[in-house]
Amino acid sequence: MPDTVLDPLTVPTPDDEQHLDRLHGQLVRGAAERDLVDLTYRVVDSPIGPLLLAATPAGLVRLAFESEGRDAVLESLATLIGPRVLHDPNGIAGMAEQLGEYFAGRRRAFEVPVDLRLAHGFRLDVLGQLRQIPYGATRSYAAVAASAGRPRAVRAVGSACAHNPVPLVVPCHRVVRSDGTPGGYLGGPEAKAFLLRLESTAA
Amino acid sequence: MRHPFEQAVAEHGGLVLRVCRAVLGPVDADDAWSETFLAALRAWPDLPDDADVRAWLVTIAHRKAIDVIRARQRAPVPVPTIPEPAGGQLGDGGPALPDHDLWRALAALPDRQRLCVAYHHVAGLPHPEVARIVGGTAAAARRASADGIATLRRTYLPSLERETHA
């Protein structure tokens with residue numbers, strides 16, 4: 001039970017919030033200097049909704065759509081990679097800037113270090129194939145399966161796309177059905193249609 | 001702990017800052033806060049999932065605060081715990097803080113009373129938990145906390161009334 005004599009010390013003030021932001025920034029820098037961070041993350045706005053970016057010291061490890069649930073994604077990353085997770089609102093700066101350029105139609109490829117440790121086996125092979133699909137072009141799931149050396153593994157290609165840890169950067173949105181319809185997308189069919197339209201207009 | 005550390009900072013960062021300020025005053029509190037969260041981040045993966053994160057952080061903050069208090073006692077020239085306010089600011093352009101008189105009154109308490117007041121009344125920990133952190137029995141922690149509050153009522157509230165009636 002708080003004692004009223006201490007109210008000025010127990011009731012948060014608006015100044016505290018700014019002060020804590022400063023201390024938090026120092027913590028993020030101090031933790032990075034001491035190699036204490038498994039992951040940092042930030043959220044950037046985009047025409048297809050807020051995007052969660054998460055990076056290890058090796059590079060971008062996850063890009064998630066709002067529909068995936070921010071807390072759920074962070075919880076899963078903490079379990080898969082490590083729980084020393086810090087919010088860095090100004091971090092992963094190059095990626096945030098390049099996303100802005102991409103959505104403005106001024107960038108065709110992302111030049112950022114990517115950490116693909118969340119993908120394994122055939123799925124990792126598929127991601128490698130996806131990175132070969134040029135801006136503005138599309139491939140069918142069957143064509144990607146063939147280029148990955150397993151022409152019958154069309155469903156597995158779909159599954160690799162659905163589990164792509166870094167959509168946009170590894171352009172799984174460029175994989176469409178053989179009949180030309182867009183097919184599924186982790187960020188939702190509207191987001192996929194938006195990205196294909198953006199790239200066909202700017203290409 | 002498997003959960004993201006950021007949750008601990010977001011949930012308890014403000015409380016730990018208020019506890020550090022109550023124990024050390026506003027100037028040393030920032031360093032104690034930073035040291036506390038760096039140490040907590042280091043130890044986070046080894047903390048059991050069912051641990052009481054708030055009590056754990058206050059325990060770390062207590063160790064950091066004791067380091068500062070000991071360093072002050074070793075300092076050849078005694079440094080005033082609470083600097084004089086200059087135009088509503090403290091230290092080198094830090095933010096205006098709510099009440100200098102209260103910190104002065106807290107700083108004048110015996111260390112043990114100030115710690116018990118901070119951990120019980122500011123951090124909201126029950127007396128047995130406070131006793132675990134500062135040592136001794138829960139009854140002794142309760143008494144130290146009550147004595148501290150009684151002194152604050154005597155030393156701080158009268159100065160508050162003087163201001164209000166001025």
# chains A, B, ... in the order shown; residues from 1 in each chain; ligands from 1
call {"tool": "residues_around", "arguments": {"residues": "stretch 117-133 of chain A", "least_positions_apart": "2", "cutoff": "12 Å", "atoms": "only C-alpha atoms", "output": "VMD selection string"}}
result
chain A and resid 55 to 56 58 to 63 76 to 77 79 to 81 108 to 111 114 to 115 135 to 151 153 to 176
call {"tool": "closest_atom_pairs", "arguments": {"of": "chain A", "to": "chain B", "cutoff": "6 Å", "atoms": "only C-alpha atoms", "output": "JSON lines"}}
result
{"residue": "A:Pro2", "atom": "CA", "partner": "B:His121", "partner_atom": "CA", "distance": 5.2}
{"residue": "A:Thr10", "atom": "CA", "partner": "B:Val122", "partner_atom": "CA", "distance": 5.6}
{"residue": "A:Glu75", "atom": "CA", "partner": "B:His3", "partner_atom": "CA", "distance": 5.9}
{"residue": "A:Ala78", "atom": "CA", "partner": "B:Pro4", "partner_atom": "CA", "distance": 5.5}
{"residue": "A:Thr79", "atom": "CA", "partner": "B:Arg2", "partner_atom": "CA", "distance": 5.6}
{"residue": "A:Pro83", "atom": "CA", "partner": "B:Pro4", "partner_atom": "CA", "distance": 4.7}
{"residue": "A:Arg84", "atom": "CA", "partner": "B:Phe5", "partner_atom": "CA", "distance": 5.3}
{"residue": "A:Val85", "atom": "CA", "partner": "B:Pro4", "partner_atom": "CA", "distance": 5.0}
{"residue": "A:Leu86", "atom": "CA", "partner": "B:Glu6", "partner_atom": "CA", "distance": 4.9}
call {"tool": "select_by_dssp", "arguments": {"residues": "stretch 2-145 of chain B", "states": "alpha helix (DSSP H)", "output": "VMD selection string"}}
result
chain B and resid 5 to 24 26 to 43 53 to 74 100 to 107 111 to 117 127 to 134 138 to 145
call {"tool": "residues_around", "arguments": {"residues": "B:Pro110", "least_positions_apart": "3", "cutoff": "12 Å", "atoms": "only C-alpha atoms", "output": "PDB file with C-alpha atoms, in the first residue's frame"}}
result
ATOM      1  CA  VAL B  23      17.730   4.893  -2.597  1.00  0.00           C
ATOM      2  CA  ILE B  69      26.782   3.794  -1.244  1.00  0.00           C
ATOM      3  CA  ALA B 105      14.547  13.919   3.588  1.00  0.00           C
ATOM      4  CA  LEU B 106      15.064  10.389   2.228  1.00  0.00           C
ATOM      5  CA  ALA B 107      18.824  10.876   1.956  1.00  0.00           C
ATOM      6  CA  GLN B 113      15.391   2.569   6.724  1.00  0.00           C
ATOM      7  CA  ARG B 114      15.742   4.218   3.318  1.00  0.00           C
ATOM      8  CA  LEU B 115      16.252   0.821   1.635  1.00  0.00           C
ATOM      9  CA  CYS B 116      13.234  -0.713   3.379  1.00  0.00           C
ATOM     10  CA  VAL B 117      11.054   2.301   2.506  1.00  0.00           C
ATOM     11  CA  ALA B 144      12.620  -0.097   9.596  1.00  0.00           C
ATOM     12  CA  SER B 145      10.130   0.835   6.903  1.00  0.00           C
ATOM     13  CA  ASP B 147      10.317   4.148  11.282  1.00  0.00           C
ATOM     14  CA  GLY B 148      11.489   5.620   7.992  1.00  0.00           C
ATOM     15  CA  ILE B 149       7.983   6.734   7.012  1.00  0.00           C
ATOM     16  CA  THR B 151      10.642  10.264  10.153  1.00  0.00           C
ATOM     17  CA  LEU B 152       9.674  11.410   6.658  1.00  0.00           C
TER      18      LEU B 152
END
call {"tool": "residues_around", "arguments": {"residues": "stretch 90-105 of chain A", "least_positions_apart": "5", "cutoff": "7 Å", "atoms": "only C-alpha atoms", "output": "short mmCIF file (atom, residue, chain, number, x, y, z; two decimals) with N, CA, C and O atoms, in the first residue's frame"}}
result
data_model
loop_
_atom_site.label_atom_id
_atom_site.label_comp_id
_atom_site.auth_asym_id
_atom_site.auth_seq_id
_atom_site.Cartn_x
_atom_site.Cartn_y
_atom_site.Cartn_z
N ARG A 42 12.55 -3.50 -34.52
CA ARG A 42 11.86 -2.22 -34.64
C ARG A 42 10.67 -2.43 -35.57
O ARG A 42 10.58 -3.45 -36.26
N VAL A 44 8.48 -0.63 -38.74
CA VAL A 44 8.42 0.47 -39.71
C VAL A 44 7.05 0.43 -40.40
O VAL A 44 6.48 -0.64 -40.61
N PHE A 110 17.30 -5.44 -52.25
CA PHE A 110 17.73 -5.02 -50.92
C PHE A 110 19.18 -5.43 -50.70
O PHE A 110 19.54 -6.58 -50.94
N VAL A 112 21.22 -5.66 -47.82
CA VAL A 112 21.44 -5.70 -46.37
C VAL A 112 21.91 -7.11 -46.01
O VAL A 112 21.56 -8.08 -46.68
N LEU A 198 3.02 -2.98 -57.74
CA LEU A 198 4.09 -2.00 -57.56
C LEU A 198 5.27 -2.31 -58.48
O LEU A 198 5.79 -1.42 -59.18
N ALA A 202 6.63 -0.08 -61.70
CA ALA A 202 7.93 0.59 -61.61
C ALA A 202 8.96 -0.06 -62.53
O ALA A 202 9.96 0.56 -62.86
#
call {"tool": "atom_distance", "arguments": {"atom1": "atom CA of B:Ile133", "atom2": "atom CA of B:His12"}}
result
17.5 Å
call {"tool": "residues_around", "arguments": {"residues": "A:Gly188", "least_positions_apart": "6", "cutoff": "10 Å", "atoms": "only C-alpha atoms", "output": "MDAnalysis selection string"}}
result
chainID A and resid 48 65 67
